[in-house]
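A.B. asks: Here it is: the structure, laid out below.
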Amino acid sequence: MKRNLGFTLIELLIVIAILGVMAVVMLVVINPVERLAQSRDAGRISTITQLGHAGAAYYTDKASYPTEANWAQELIDAGTLKSFPAGVAYTANDVVHCASQEQPVFNPTFCYETDALLDPIMFARAEADIHNLKCTVGGAYFVYSFEDGRAGTVCSVDDPDPWAAGTQTYVE
């Protein structure tokens with residue numbers, strides 16, 4: 001009795017179908033759009049920290065913080081930044097940049113908010129679900145607080161306002 005050593009068409013189709021199902025499952029698990037949003041958020045976190053350090057250097061030199069209207073240009077003019085960092089476009093999860101009016105015209109990703117009695121904050125809205133799902137109310141914002149002297153992630157319904165030192169809860 002002679003036996004064929006190859007595969008039948010049915011066996012090949014079953015293997016292709018199984019591989020196709022596995023590929024779909026992997027795409028759902030990996031979610032490339034969410035991964036891209038996470039990578040863009042990593043850039044925002046890094047840039048907010050960089051801008052915060054530049055603002056702290058500005059304060060050390062000038063004994064005051066930049067004004068809301070021209071904060072980005074003031075950081076450049078003072079030499080604490082050579083150029084303003086590139087913005088990171090929002091493309092996932094229907095997230096838009098901060099609604100604050102205190103954002104540079106040439107880069108609306110990053111915002112700055114001052115208060116007469118409190119030190120200012122710099123912030124950018126989080127895009128990835130992994131950050132926003134940590135907030136039970138509102139959305140996640142990457143913030144550099146001059147009052148607290150640190151960067152972190154906070155939850156807020158609207159664009160965050162400056163707060164007194166030690167009164168804000170950071171989720172990261």
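Scheme for the structure tokens: letters A, B, ... for chains in order shown; per-chain residue numbers from 1; ligand numbers from 1 in order shown.
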Within 7 Å of A:Pro120, counting only C-alpha atoms, which residues show up once you throw out same-chain ones fewer than 5 positions away? Write them as a list in words, please.

C.D. replies: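 The residues satisfying every condition are Glu113, Thr114, Asp115, Ser145, Phe146 and Pro162 of chain A.
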
A.B. asks: Residues of stretch 101-156 of chain A in strand (DSSP E or B) according to DSSP, as a list of chain:residue names?

C.D. replies: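 The residues of stretch 101-156 of chain A classed as strand (DSSP E or B) are A:Cys111, A:Tyr112, A:Glu113, A:Ile121, A:Met122, A:Phe123, A:Ala124, A:Arg125, A:Gly139, A:Ala140, A:Tyr141, A:Phe142, A:Val143, A:Tyr144, A:Ser145, A:Arg150, A:Ala151, A:Gly152, A:Thr153, A:Val154, A:Cys155, A:Ser156.
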
A.B. asks: Could you take the residues named above and write them with N, CA, C and O atoms, as a tab-separated table (two decimals), in the first residue's frame?

C.D. replies:
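Result saved to part-v5.tsv:
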```tsv
chain	number	residue	atom	x	y	z
A	111	CYS	N	0.42	73.28	27.36
A	111	CYS	CA	-0.25	74.45	27.92
A	111	CYS	C	0.39	74.88	29.23
A	111	CYS	O	1.11	74.11	29.87
A	112	TYR	N	0.07	76.10	29.62
A	112	TYR	CA	0.67	76.75	30.79
A	112	TYR	C	-0.43	77.52	31.49
A	112	TYR	O	-1.20	78.23	30.84
A	113	GLU	N	-0.53	77.36	32.78
A	113	GLU	CA	-1.58	78.04	33.54
A	113	GLU	C	-0.98	78.66	34.79
A	113	GLU	O	-0.26	77.99	35.53
A	121	ILE	N	1.60	75.86	36.44
A	121	ILE	CA	1.76	74.48	35.98
A	121	ILE	C	1.88	74.47	34.46
A	121	ILE	O	1.39	75.38	33.79
A	122	MET	N	2.54	73.46	33.94
A	122	MET	CA	2.57	73.17	32.51
A	122	MET	C	1.93	71.81	32.34
A	122	MET	O	2.11	70.93	33.18
A	123	PHE	N	1.17	71.63	31.27
A	123	PHE	CA	0.48	70.36	31.13
A	123	PHE	C	0.16	70.03	29.68
A	123	PHE	O	0.17	70.90	28.81
A	124	ALA	N	-0.13	68.75	29.47
A	124	ALA	CA	-0.60	68.24	28.17
A	124	ALA	C	-1.59	67.12	28.46
A	124	ALA	O	-1.46	66.41	29.46
A	125	ARG	N	-2.56	66.98	27.63
A	125	ARG	CA	-3.61	65.96	27.80
A	125	ARG	C	-3.08	64.60	27.41
A	125	ARG	O	-2.36	64.46	26.42
A	139	GLY	N	-10.26	63.18	32.75
A	139	GLY	CA	-9.20	62.54	31.99
A	139	GLY	C	-7.85	62.78	32.62
A	139	GLY	O	-7.70	63.56	33.56
A	140	ALA	N	-6.84	62.12	32.08
A	140	ALA	CA	-5.48	62.23	32.60
A	140	ALA	C	-4.74	63.37	31.91
A	140	ALA	O	-4.89	63.58	30.71
A	141	TYR	N	-3.96	64.09	32.69
A	141	TYR	CA	-3.11	65.17	32.20
A	141	TYR	C	-1.69	64.94	32.71
A	141	TYR	O	-1.50	64.60	33.88
A	142	PHE	N	-0.72	65.15	31.84
A	142	PHE	CA	0.68	65.12	32.25
A	142	PHE	C	1.03	66.54	32.68
A	142	PHE	O	0.87	67.48	31.91
A	143	VAL	N	1.48	66.70	33.90
A	143	VAL	CA	1.64	68.02	34.50
A	143	VAL	C	3.02	68.18	35.09
A	143	VAL	O	3.57	67.24	35.67
A	144	TYR	N	3.57	69.38	34.96
A	144	TYR	CA	4.73	69.79	35.76
A	144	TYR	C	4.25	70.90	36.66
A	144	TYR	O	3.82	71.95	36.19
A	145	SER	N	4.27	70.65	37.97
A	145	SER	CA	3.83	71.64	38.95
A	145	SER	C	5.05	72.31	39.58
A	145	SER	O	5.88	71.65	40.21
A	150	ARG	N	7.64	69.02	40.73
A	150	ARG	CA	7.70	67.69	40.13
A	150	ARG	C	6.75	67.55	38.95
A	150	ARG	O	5.83	68.34	38.78
A	151	ALA	N	7.00	66.52	38.17
A	151	ALA	CA	6.12	66.15	37.07
A	151	ALA	C	5.33	64.92	37.49
A	151	ALA	O	5.78	64.14	38.33
A	152	GLY	N	4.17	64.75	36.90
A	152	GLY	CA	3.36	63.58	37.19
A	152	GLY	C	2.07	63.60	36.39
A	152	GLY	O	1.85	64.50	35.58
A	153	THR	N	1.22	62.63	36.63
A	153	THR	CA	-0.06	62.53	35.95
A	153	THR	C	-1.15	62.79	36.97
A	153	THR	O	-1.15	62.22	38.06
A	154	VAL	N	-2.08	63.68	36.61
A	154	VAL	CA	-3.21	64.00	37.48
A	154	VAL	C	-4.50	63.82	36.70
A	154	VAL	O	-4.50	63.85	35.48
A	155	CYS	N	-5.59	63.65	37.43
A	155	CYS	CA	-6.91	63.52	36.81
A	155	CYS	C	-7.66	64.83	36.97
A	155	CYS	O	-7.60	65.46	38.03
A	156	SER	N	-8.37	65.24	35.92
A	156	SER	CA	-9.13	66.48	35.98
A	156	SER	C	-10.26	66.42	34.96
A	156	SER	O	-10.10	65.85	33.89
```

A.B. asks: So that I can check the secondary structure, give me every residue of chain A assigned alpha helix (DSSP H) by backbone DSSP, as a ChimeraX atom specification.

C.D. replies: /A:9-30,32-62,71-77,129-132

A.B. asks: Skip A:Ile130 itself and residues of its chain fewer than 3 positions away, then list as a VMD selection string all residues within 12 Å of it, counting only C-alpha atoms.

C.D. replies: chain A and resid 31 34 to 39 41 to 42 93 126 to 127 133 to 135 139 to 140 153 171 to 172

A.B. asks: Mind giving me the straight-line distance from atom CA of A:Val137 to atom CA of A:Ala116 in Å, one decimal?

C.D. replies: 26.9 Å

A.B. asks: I need the residue nearest A:His53 from this list: A:Gly149, A:Leu117, A:Leu5, A:Tyr90. Use only C-alpha atoms for the distance.

C.D. replies: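 Checking each of A:Gly149, A:Leu117, A:Leu5, A:Tyr90 against A:His53, counting only C-alpha atoms, the winner is A:Gly149.
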
A.B. asks: Please measure the separation of atom CA of A:Glu11 and atom CA of A:Leu27, giving the value in Å to one decimal.

C.D. replies: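 Rounded to one decimal, the two atoms are 24.6 Å apart.
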
A.B. asks: Report as a ChimeraX atom specification all protein, DNA and RNA residues lying within 7 Å of stretch 164-166 of chain A, evaluated on only C-alpha atoms, omitting residues in the same chain fewer than 4 positions from it.

C.D. replies: /A:118,147-148

A.B. asks: Keeping only N, CA, C and O atoms, take the residues you just selected and write them out as a tab-separated table (two decimals), in the first residue's frame.

C.D. replies:
```
chain	number	residue	atom	x	y	z
A	118	LEU	N	-0.47	81.19	43.38
A	118	LEU	CA	0.21	79.89	43.31
A	118	LEU	C	1.19	79.86	42.16
A	118	LEU	O	1.03	80.58	41.17
A	147	GLU	N	4.78	74.42	41.95
A	147	GLU	CA	4.45	74.45	43.38
A	147	GLU	C	4.96	73.19	44.08
A	147	GLU	O	5.53	73.25	45.16
A	148	ASP	N	4.77	72.02	43.44
A	148	ASP	CA	5.24	70.76	44.00
A	148	ASP	C	6.68	70.44	43.58
A	148	ASP	O	7.33	69.57	44.16
```

A.B. asks: Atom CA of A:Asn70 and atom CA of A:Asp161 are how many Å apart?

C.D. replies: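 Computing the Euclidean distance for atom CA of A:Asn70 and atom CA of A:Asp161 yields 17.9 Å.
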
A.B. asks: Given the choices A:Gly138, A:Pro160, A:Pro85, A:Gly79, which gets closest to A:Ile48 if the distance is worked out from only C-alpha atoms?

C.D. replies: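 Counting only C-alpha atoms, the residue closest to A:Ile48 is A:Pro85.
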
A.B. asks: Under the rule that only C-alpha atoms are counted, which of A:Val21, A:Ala63, A:Ala92, A:Ala57 is the nearest residue to A:Ile76?

C.D. replies: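 Result for the nearest residue to A:Ile76: A:Ala57.
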